[in-house]
Structure formats: C-alpha cells, structure tokens
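Visitor: Input run_5.csv, format and content: CSV, C-alpha atoms.
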chain,number,residue,atom,x,y,z
A,1,MET,CA,183.9,22.3,-43.7
A,2,LYS,CA,181.7,21.4,-46.7
A,3,CYS,CA,180.4,17.8,-46.8
A,4,SER,CA,179.9,16.6,-50.4
A,5,GLY,CA,176.3,15.9,-51.3
A,6,GLN,CA,174.9,18.4,-48.7
A,7,SER,CA,173.3,21.4,-50.2
A,8,SER,CA,174.2,24.7,-48.6
A,9,SER,CA,170.6,25.7,-48.0
A,10,SER,CA,170.1,22.7,-45.6
A,11,ARG,CA,173.1,23.6,-43.5
A,12,HIS,CA,172.0,25.1,-40.2
A,13,ALA,CA,174.5,27.3,-38.5
A,14,GLU,CA,172.3,29.1,-36.1
A,15,GLY,CA,174.6,28.0,-33.3
A,16,TRP,CA,177.2,30.3,-34.7
A,17,ALA,CA,174.8,33.2,-34.9
A,18,PHE,CA,173.6,32.8,-31.2
A,19,ALA,CA,177.1,32.1,-29.9
A,20,GLY,CA,178.2,35.3,-31.7
A,21,LEU,CA,175.4,37.2,-30.2
A,22,ALA,CA,176.3,36.0,-26.7
A,23,LEU,CA,179.9,37.1,-27.3
A,24,VAL,CA,178.9,40.5,-28.6
A,25,PHE,CA,176.7,41.1,-25.5
A,26,SER,CA,179.6,40.0,-23.3
A,27,GLY,CA,181.7,42.8,-24.5
A,28,PRO,CA,179.9,45.7,-22.8
A,29,VAL,CA,179.3,43.5,-19.7
A,30,ALA,CA,183.0,42.8,-19.5
A,31,TYR,CA,183.7,46.5,-19.9
A,32,LEU,CA,181.5,47.4,-16.9
A,33,LEU,CA,182.9,44.6,-14.8
A,34,PHE,CA,186.5,45.5,-15.4
A,35,VAL,CA,186.1,49.3,-15.8
A,36,ASP,CA,188.6,50.0,-13.1
A,37,ASN,CA,191.4,48.4,-15.1
A,38,VAL,CA,193.2,51.2,-16.9
A,39,THR,CA,193.6,49.3,-20.2
A,40,MET,CA,189.9,48.4,-20.3
A,41,ARG,CA,188.7,51.8,-19.3
A,42,VAL,CA,190.7,53.9,-21.7
A,43,THR,CA,191.0,51.6,-24.8
A,44,GLY,CA,188.2,49.2,-24.2
A,45,ALA,CA,190.4,46.7,-26.1
A,46,PRO,CA,189.2,43.4,-24.4
A,47,ALA,CA,185.5,44.5,-24.8
A,48,PHE,CA,186.1,45.3,-28.5
A,49,GLY,CA,187.9,42.0,-29.0
A,50,LEU,CA,184.9,40.1,-27.6
A,51,MET,CA,182.5,42.0,-29.8
A,52,ALA,CA,184.7,41.6,-32.9
A,53,ALA,CA,184.9,37.9,-32.3
A,54,GLY,CA,181.1,37.8,-31.8
A,55,SER,CA,180.5,39.7,-35.0
A,56,ALA,CA,182.9,37.4,-36.9
A,57,MET,CA,181.0,34.3,-35.6
A,58,GLY,CA,177.7,35.9,-36.6
A,59,LEU,CA,179.1,36.6,-40.1
A,60,LEU,CA,180.3,33.0,-40.3
A,61,GLY,CA,176.9,31.7,-39.3
A,62,ALA,CA,175.1,33.9,-41.8
A,63,TRP,CA,177.5,32.7,-44.6
A,64,ARG,CA,176.8,29.1,-43.8
A,65,ASP,CA,173.1,29.4,-43.1
A,66,ARG,CA,171.0,31.1,-45.7
A,67,ARG,CA,167.9,31.5,-43.5
A,68,ARG,CA,166.7,35.1,-43.1
A,69,TRP,CA,166.4,35.2,-39.3
A,70,VAL,CA,170.0,33.9,-38.9
A,71,ARG,CA,171.2,36.7,-41.2
A,72,LEU,CA,169.2,39.2,-39.1
A,73,ILE,CA,171.1,38.1,-36.0
A,74,CYS,CA,174.3,38.6,-37.9
A,75,VAL,CA,173.2,42.2,-38.7
A,76,LEU,CA,172.3,42.7,-35.0
A,77,ASN,CA,175.7,41.5,-33.9
A,78,VAL,CA,177.5,44.0,-36.2
A,79,LEU,CA,175.1,46.9,-35.2
A,80,LEU,CA,175.8,46.2,-31.5
A,81,LEU,CA,179.5,46.4,-32.2
A,82,VAL,CA,179.0,49.7,-34.1
A,83,GLY,CA,176.8,51.1,-31.3
A,84,PHE,CA,179.4,50.3,-28.6
A,85,ALA,CA,182.2,51.7,-30.7
A,86,TYR,CA,180.2,54.9,-31.2
A,87,SER,CA,179.4,55.3,-27.5
A,88,PHE,CA,183.0,54.6,-26.5
A,89,ILE,CA,184.7,56.8,-29.1
A,90,TRP,CA,182.4,59.7,-30.0
A,91,TRP,CA,179.6,60.0,-27.4
A,92,ALA,CA,182.2,59.9,-24.6
A,93,VAL,CA,184.1,62.9,-25.9
A,94,LEU,CA,183.9,65.9,-23.5
A,95,PRO,CA,183.5,69.5,-24.7
A,96,LYS,CA,186.7,71.6,-25.1
A,97,THR,CA,187.4,74.0,-22.3
A,98,PRO,CA,189.3,77.1,-23.6
A,99,VAL,CA,188.2,79.3,-20.7
A,100,PHE,CA,189.5,76.8,-18.2
A,101,ALA,CA,192.7,76.4,-20.1
A,102,SER,CA,193.5,80.1,-20.1
A,103,LEU,CA,192.7,80.9,-16.4
A,104,GLN,CA,195.6,82.5,-14.5
A,105,THR,CA,193.8,83.2,-11.2
A,106,ALA,CA,191.0,81.2,-9.7
A,107,PRO,CA,187.7,83.0,-9.4
A,108,ASP,CA,186.8,83.3,-5.8
A,109,PHE,CA,183.5,81.8,-4.5
A,110,THR,CA,181.6,80.9,-1.4
A,111,LEU,CA,179.6,77.7,-1.5
A,112,GLN,CA,177.8,75.5,1.0
A,113,ASP,CA,179.2,72.0,1.5
A,114,HIS,CA,177.3,68.8,2.1
A,115,SER,CA,177.3,69.3,5.9
A,116,GLY,CA,175.9,72.8,5.6
A,117,GLN,CA,179.1,74.7,6.3
A,118,TRP,CA,180.0,77.7,4.1
A,119,VAL,CA,183.4,77.5,2.4
A,120,THR,CA,185.1,80.4,0.8
A,121,LEU,CA,187.8,79.6,-1.7
A,122,SER,CA,190.1,82.6,-0.9
A,123,GLU,CA,190.1,81.6,2.8
A,124,ALA,CA,191.1,78.1,1.8
A,125,TRP,CA,193.9,79.1,-0.5
A,126,SER,CA,195.4,81.6,2.0
A,127,SER,CA,196.3,78.6,4.3
A,128,GLY,CA,197.9,76.3,1.7
A,129,PRO,CA,197.4,74.8,-1.7
A,130,VAL,CA,193.9,73.9,-2.6
A,131,LEU,CA,193.0,71.1,-5.0
A,132,LEU,CA,189.6,71.7,-6.6
A,133,VAL,CA,188.0,68.6,-7.9
A,134,PHE,CA,185.0,69.2,-10.2
A,135,TYR,CA,182.8,66.1,-10.5
A,136,ARG,CA,179.8,65.3,-12.6
A,137,GLY,CA,177.3,64.4,-9.8
A,138,HIS,CA,173.8,63.5,-11.0
A,139,TRP,CA,174.2,59.8,-10.2
B,1,MET,CA,197.2,65.3,0.5
B,2,GLU,CA,196.6,66.9,3.9
B,3,GLN,CA,199.9,65.6,5.1
B,4,GLN,CA,201.5,67.6,2.3
B,5,GLY,CA,199.8,70.7,3.6
B,6,GLY,CA,197.2,70.7,0.9
B,7,ARG,CA,193.4,70.8,1.0
B,8,LEU,CA,190.9,69.1,-1.2
B,9,LEU,CA,187.5,70.6,-2.1
B,10,ALA,CA,185.1,68.8,-4.5
B,11,VAL,CA,182.5,70.8,-6.5
B,12,SER,CA,179.4,69.6,-8.3
B,13,VAL,CA,175.9,70.9,-9.0
B,14,ASP,CA,174.4,68.4,-6.6
B,15,SER,CA,172.3,69.7,-3.7
B,16,PRO,CA,173.6,69.4,-0.1
B,17,THR,CA,171.2,66.4,0.5
B,18,GLU,CA,172.4,64.6,-2.6
B,19,SER,CA,176.1,65.4,-1.8
B,20,ARG,CA,175.7,64.1,1.8
B,21,ARG,CA,174.2,60.9,0.5
B,22,PHE,CA,177.1,60.5,-1.9
B,23,ALA,CA,179.7,61.3,0.8
B,24,GLU,CA,178.2,58.8,3.2
B,25,ARG,CA,178.0,56.1,0.5
B,26,LEU,CA,181.7,56.4,-0.4
B,27,GLY,CA,182.9,57.4,3.0
B,28,LEU,CA,184.4,60.7,1.8
B,29,GLN,CA,186.2,62.9,4.3
B,30,PHE,CA,186.5,66.1,2.3
B,31,PRO,CA,183.9,68.8,1.7
B,32,LEU,CA,181.6,68.4,-1.3
B,33,LEU,CA,180.7,71.9,-2.3
B,34,CYS,CA,177.2,72.5,-3.8
B,35,ASP,CA,177.3,74.8,-6.8
B,36,THR,CA,173.6,74.3,-7.4
B,37,ASP,CA,173.1,77.1,-9.8
B,38,GLY,CA,176.2,76.3,-11.8
B,39,SER,CA,177.7,79.8,-11.4
B,40,VAL,CA,181.1,78.5,-10.1
B,41,LEU,CA,181.3,75.9,-13.0
B,42,ARG,CA,180.7,78.7,-15.4
B,43,SER,CA,183.3,81.0,-13.9
B,44,PHE,CA,185.9,78.2,-14.2
B,45,GLY,CA,184.7,77.3,-17.7
B,46,VAL,CA,184.0,73.6,-16.9
B,47,VAL,CA,180.3,73.3,-17.8
B,48,HIS,CA,179.0,70.3,-19.7
B,49,SER,CA,175.8,71.6,-21.1
B,50,GLY,CA,172.8,69.3,-21.0
B,51,ALA,CA,174.7,66.3,-19.9
B,52,GLY,CA,172.9,65.8,-16.6
B,53,ARG,CA,169.5,64.5,-15.6
B,54,GLY,CA,166.8,66.1,-17.6
B,55,GLY,CA,169.3,68.0,-19.7
B,56,ALA,CA,170.8,69.9,-16.8
B,57,ASP,CA,174.2,71.4,-16.9
B,58,ILE,CA,176.8,69.5,-14.9
B,59,ALA,CA,180.6,69.7,-14.4
B,60,ILE,CA,183.3,68.5,-16.7
B,61,PRO,CA,185.5,66.5,-14.3
B,62,ALA,CA,188.4,68.9,-14.2
B,63,ASN,CA,191.0,69.4,-11.5
B,64,VAL,CA,192.9,72.5,-10.6
B,65,LEU,CA,195.6,73.2,-8.0
B,66,ILE,CA,195.4,76.7,-6.6
B,67,GLY,CA,198.2,78.4,-4.7
B,68,ARG,CA,198.7,81.7,-2.9
B,69,GLY,CA,196.6,84.6,-4.1
B,70,GLY,CA,194.4,82.2,-6.1
B,71,ARG,CA,197.2,81.6,-8.6
B,72,ILE,CA,196.5,78.5,-10.7
B,73,LEU,CA,199.5,76.2,-10.5
B,74,TRP,CA,198.4,73.1,-12.2
B,75,ARG,CA,195.3,72.0,-14.1
B,76,TYR,CA,193.9,68.8,-15.6
B,77,VAL,CA,190.9,68.2,-17.8
B,78,PRO,CA,190.0,64.9,-19.5
B,79,HIS,CA,189.0,64.7,-23.2
B,80,ARG,CA,186.8,61.7,-22.8
B,81,ILE,CA,184.7,60.6,-19.8
B,82,GLN,CA,186.7,57.4,-19.4
B,83,GLU,CA,189.9,59.4,-18.6
B,84,ARG,CA,190.8,59.9,-15.0
B,85,LEU,CA,193.6,61.7,-13.2
B,86,ASP,CA,196.4,59.7,-11.7
B,87,PRO,CA,196.5,60.7,-8.0
B,88,ALA,CA,200.2,60.3,-7.8
B,89,LYS,CA,200.7,63.2,-10.3
B,90,VAL,CA,198.7,65.5,-8.0
B,91,LEU,CA,200.5,64.6,-4.9
B,92,LYS,CA,203.8,65.2,-6.7
B,93,ALA,CA,202.6,68.7,-7.6
B,94,VAL,CA,201.6,69.4,-4.0
B,95,ARG,CA,204.8,68.1,-2.6
B,96,ALA,CA,206.8,70.2,-5.0
B,97,LEU,CA,204.9,73.2,-3.8
B,98,ARG,CA,205.8,72.6,-0.2
B,99,GLU,CA,209.4,72.5,-1.1
B,100,GLN,CA,209.2,75.5,-3.4
B,101,PRO,CA,206.3,77.7,-2.4
B,102,ASP,CA,207.0,80.2,-5.1
B,103,LEU,CA,207.1,77.6,-7.9
B,104,ASP,CA,206.6,79.2,-11.3
B,105,PRO,CA,203.4,77.8,-12.7
B,106,GLU,CA,205.1,77.1,-16.0
B,107,GLN,CA,207.6,74.8,-14.4
B,108,ARG,CA,205.2,72.0,-13.6
B,109,PRO,CA,206.8,68.9,-12.1
I'd like the structure from this file rewritten - as structure tokens, please.

Guide:
Amino acid sequence: MKCSGQSSSSRHAEGWAFAGLALVFSGPVAYLLFVDNVTMRVTGAPAFGLMAAGSAMGLLGAWRDRRRWVRLICVLNVLLLVGFAYSFIWWAVLPKTPVFASLQTAPDFTLQDHSGQWVTLSEAWSSGPVLLVFYRGHW
Amino acid sequence: MEQQGGRLLAVSVDSPTESRRFAERLGLQFPLLCDTDGSVLRSFGVVHSGAGRGGADIAIPANVLIGRGGRILWRYVPHRIQERLDPAKVLKAVRALREQPDLDPEQRP
C-alpha cells in the first residue's frame, strides 16, 4: 500500500524477494520429500504452486523496490521456476519404444542374477507366467 | 505374484555386485538379472541411450508379462520417468491368466 509522501525509490521490499526465493527453493524440496504421493509425482502441482507463489512474491518485490540486486533475485526466482518446469515436463520424457510395442514373442535369453545363478527366460516361462521388470539401475 | 503362480524377474545393466548391493539395501526377494552388455535390452527395444552414468545405455523402465511359449500377454511402458506401474493392474492380469491360461493377448483385463 502506497504511503503518501514516500518516494517509490526509497521503498525497500527485499523481504518479498527473499521470501519469494525461499518459496521457490521449497518447491523442488517439497517434490523430493513427497515424491511417493501420486499427485505430486505425476503432476508436480504442489511444487509448482509453491514456485509460482515464490515467483509472484519476487515480482512483487521487484515492482516495489527498484534496486538492481532485488530485481536480479526476481529474475532468479522466475528462472528457477522455468528450470524446474523444463526438467519436469521435457527432460523427464522417455524415448518412444516402437520395437517393444510391436513384440509378439519375447526374445529368449540367459543372464546371471545377483546371486550368480544363471536364469534362462524360456525355462521360466515354461512353468508359469513371467513378469519381466526392466529397471534403470545406475544409482 | 508368486501366489498367483507367476514369477518376477528384474533386468538392468547393473553388474552382479551392484545388483546384490541394491537387493540387500531394499530387501528384494526376486532375481535381479544382469544384462551388462545391454543385449537383452536391445532385443526387447527398451534402451535409453546415454541416460546412465558416463553416458551409458540403461533400461527404459518397462514391464512385460510373458506366457506360454514366450507369448507376450501384456506390456507397460511409461512416457515420463515419473510414471510408475500400478501393481494391482499386474496382479489382475496374472490372476486372469490363472483362470484362463489361453487368454487372448488382445483381451487384456
């Protein structure tokens, strides 16, 4: 709220900028903490909400406070939001798998398991349904 | 899964040592198969090129249910790394197989 007689250049609103920055950082942290929740993991909505609120506060701070470093924090807030959105939406996309989609019969194989035993897929499927779970590893 | 007469096999490019550590850390009871050269991933078409450590090829986290004769009965592949398979859906598919062993693959439950 503007106070009459106070010039806009002397209004200091760095609190908004820093609070906004804290909120923006809390978005990815919240995502990691609550990643097992389906809504959080697939849509990221709560994390985006926090980052949007943080960016809005940063923008408000930059509007009220004309100092350059405060405006830089505002830009940083928005960049972090954009970076998170990019990671979440585009970087997370997996390649298409047309070969996998068109398989009719599973290719047989023999591989060693983690205890050193050799496992042949065709032997496994002859005694019942086999669920093959491919996982990324490299953790 | 085993109660329904099914068997679970996990596959990654991790070595037996890395897989053993992973199994111990999570207390996994099923075999972790080591496709260290990625040939099995390639034959199934589930390679994520360059996505692993040092640009190595790793698996896309797909799942496939295989029946008699190697027939593929059911498959799942996520579009983004955040997506995960609902275990209930898999158990439903396995249970249906037990009741109808010659289930047509097009008639997925």

Visitor: As an exercise, work out the distance from atom CA of Arg53 of chain B to atom CA of Gly38 of chain B in Å and give it to one decimal place.

Guide: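 Distance reported for this atom pair: 14.1 Å.
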
Visitor: Provide as a ChimeraX atom specification the residues of chain B at most 6 Å from chain A, counting all atoms listed in the file.

Guide: /B:6-12,14,16,19-20,31-34,44-45,58-59,61-68,70-72,79-82

Visitor: Please compute the atom CA of Gly27 of chain B-atom CA of Tyr76 of chain B distance, one decimal, in Å.

Guide: 24.4 Å

Visitor: For atom CA of Glu83 of chain B and atom CA of Ala53 of chain A, determine how far apart the two atoms are, in Å to one decimal place.

Guide: 26.0 Å

Visitor: Output segment 21-32 of chain B as an mmCIF file, keeping the file's coordinate frame, making sure all heavy atoms are there.

Guide:
data_model
loop_
_atom_site.group_PDB
_atom_site.id
_atom_site.type_symbol
_atom_site.label_atom_id
_atom_site.label_comp_id
_atom_site.auth_asym_id
_atom_site.auth_seq_id
_atom_site.Cartn_x
_atom_site.Cartn_y
_atom_site.Cartn_z
ATOM 1 N N ARG B 21 174.481 62.284 0.800
ATOM 2 C CA ARG B 21 174.200 60.900 0.500
ATOM 3 C C ARG B 21 175.440 60.243 -0.169
ATOM 4 O O ARG B 21 175.885 59.138 0.134
ATOM 5 C CB ARG B 21 172.991 60.701 -0.340
ATOM 6 C CG ARG B 21 171.976 59.758 0.243
ATOM 7 C CD ARG B 21 170.773 59.593 -0.659
ATOM 8 N NE ARG B 21 169.831 60.686 -0.575
ATOM 9 C CZ ARG B 21 169.211 61.243 -1.629
ATOM 10 N NH1 ARG B 21 169.448 60.812 -2.842
ATOM 11 N NH2 ARG B 21 168.359 62.230 -1.467
ATOM 12 N N PHE B 22 175.969 60.975 -1.133
ATOM 13 C CA PHE B 22 177.100 60.500 -1.900
ATOM 14 C C PHE B 22 178.333 60.356 -0.998
ATOM 15 O O PHE B 22 179.048 59.350 -1.065
ATOM 16 C CB PHE B 22 177.377 61.564 -3.010
ATOM 17 C CG PHE B 22 178.463 61.196 -3.977
ATOM 18 C CD1 PHE B 22 178.411 60.005 -4.692
ATOM 19 C CD2 PHE B 22 179.522 62.061 -4.207
ATOM 20 C CE1 PHE B 22 179.404 59.686 -5.606
ATOM 21 C CE2 PHE B 22 180.506 61.741 -5.123
ATOM 22 C CZ PHE B 22 180.454 60.553 -5.817
ATOM 23 N N ALA B 23 178.564 61.343 -0.114
ATOM 24 C CA ALA B 23 179.700 61.300 0.800
ATOM 25 C C ALA B 23 179.597 60.119 1.746
ATOM 26 O O ALA B 23 180.584 59.421 2.012
ATOM 27 C CB ALA B 23 179.812 62.608 1.581
ATOM 28 N N GLU B 24 178.371 59.896 2.243
ATOM 29 C CA GLU B 24 178.200 58.800 3.200
ATOM 30 C C GLU B 24 178.393 57.450 2.457
ATOM 31 O O GLU B 24 179.031 56.540 2.980
ATOM 32 C CB GLU B 24 176.762 58.824 3.752
ATOM 33 C CG GLU B 24 176.641 59.781 4.940
ATOM 34 C CD GLU B 24 175.204 60.155 5.247
ATOM 35 O OE1 GLU B 24 174.284 59.431 4.795
ATOM 36 O OE2 GLU B 24 175.013 61.168 5.945
ATOM 37 N N ARG B 25 177.869 57.356 1.225
ATOM 38 C CA ARG B 25 178.000 56.100 0.500
ATOM 39 C C ARG B 25 179.435 55.729 0.225
ATOM 40 O O ARG B 25 179.819 54.563 0.294
ATOM 41 C CB ARG B 25 177.206 56.206 -0.823
ATOM 42 C CG ARG B 25 177.023 54.900 -1.549
ATOM 43 C CD ARG B 25 175.803 54.924 -2.458
ATOM 44 N NE ARG B 25 175.790 56.051 -3.378
ATOM 45 C CZ ARG B 25 176.300 56.030 -4.612
ATOM 46 N NH1 ARG B 25 176.851 54.941 -5.061
ATOM 47 N NH2 ARG B 25 176.234 57.097 -5.369
ATOM 48 N N LEU B 26 180.267 56.724 -0.069
ATOM 49 C CA LEU B 26 181.700 56.400 -0.400
ATOM 50 C C LEU B 26 182.606 56.709 0.759
ATOM 51 O O LEU B 26 183.810 56.524 0.622
ATOM 52 C CB LEU B 26 182.099 57.285 -1.613
ATOM 53 C CG LEU B 26 181.369 56.991 -2.911
ATOM 54 C CD1 LEU B 26 181.930 57.853 -4.029
ATOM 55 C CD2 LEU B 26 181.521 55.527 -3.299
ATOM 56 N N GLY B 27 182.081 57.173 1.882
ATOM 57 C CA GLY B 27 182.900 57.400 3.000
ATOM 58 C C GLY B 27 183.934 58.549 2.782
ATOM 59 O O GLY B 27 185.094 58.469 3.191
ATOM 60 N N LEU B 28 183.498 59.616 2.116
ATOM 61 C CA LEU B 28 184.400 60.700 1.800
ATOM 62 C C LEU B 28 184.633 61.643 2.958
ATOM 63 O O LEU B 28 183.689 61.973 3.679
ATOM 64 C CB LEU B 28 183.845 61.508 0.591
ATOM 65 C CG LEU B 28 183.550 60.690 -0.666
ATOM 66 C CD1 LEU B 28 182.931 61.573 -1.733
ATOM 67 C CD2 LEU B 28 184.819 60.036 -1.187
ATOM 68 N N GLN B 29 185.887 62.049 3.129
ATOM 69 C CA GLN B 29 186.200 62.900 4.300
ATOM 70 C C GLN B 29 186.440 64.335 3.956
ATOM 71 O O GLN B 29 186.751 65.128 4.821
ATOM 72 C CB GLN B 29 187.565 62.343 4.913
ATOM 73 C CG GLN B 29 187.501 60.878 5.336
ATOM 74 C CD GLN B 29 186.529 60.663 6.473
ATOM 75 O OE1 GLN B 29 186.465 61.463 7.396
ATOM 76 N NE2 GLN B 29 185.757 59.600 6.399
ATOM 77 N N PHE B 30 186.296 64.710 2.688
ATOM 78 C CA PHE B 30 186.500 66.100 2.300
ATOM 79 C C PHE B 30 185.225 66.784 1.967
ATOM 80 O O PHE B 30 184.224 66.124 1.704
ATOM 81 C CB PHE B 30 187.525 66.176 1.153
ATOM 82 C CG PHE B 30 187.223 65.222 0.038
ATOM 83 C CD1 PHE B 30 186.343 65.580 -0.975
ATOM 84 C CD2 PHE B 30 187.820 63.969 0.001
ATOM 85 C CE1 PHE B 30 186.066 64.707 -2.003
ATOM 86 C CE2 PHE B 30 187.541 63.086 -1.033
ATOM 87 C CZ PHE B 30 186.648 63.456 -2.035
ATOM 88 N N PRO B 31 185.203 68.121 1.964
ATOM 89 C CA PRO B 31 183.900 68.800 1.700
ATOM 90 C C PRO B 31 183.479 68.666 0.252
ATOM 91 O O PRO B 31 184.279 68.759 -0.682
ATOM 92 C CB PRO B 31 184.273 70.294 1.989
ATOM 93 C CG PRO B 31 185.566 70.290 2.725
ATOM 94 C CD PRO B 31 186.284 69.049 2.337
ATOM 95 N N LEU B 32 182.193 68.415 0.078
ATOM 96 C CA LEU B 32 181.600 68.400 -1.300
ATOM 97 C C LEU B 32 180.797 69.688 -1.384
ATOM 98 O O LEU B 32 179.759 69.855 -0.752
ATOM 99 C CB LEU B 32 180.648 67.189 -1.416
ATOM 100 C CG LEU B 32 181.230 65.800 -1.196
ATOM 101 C CD1 LEU B 32 180.183 64.739 -1.497
ATOM 102 C CD2 LEU B 32 182.442 65.570 -2.063
#
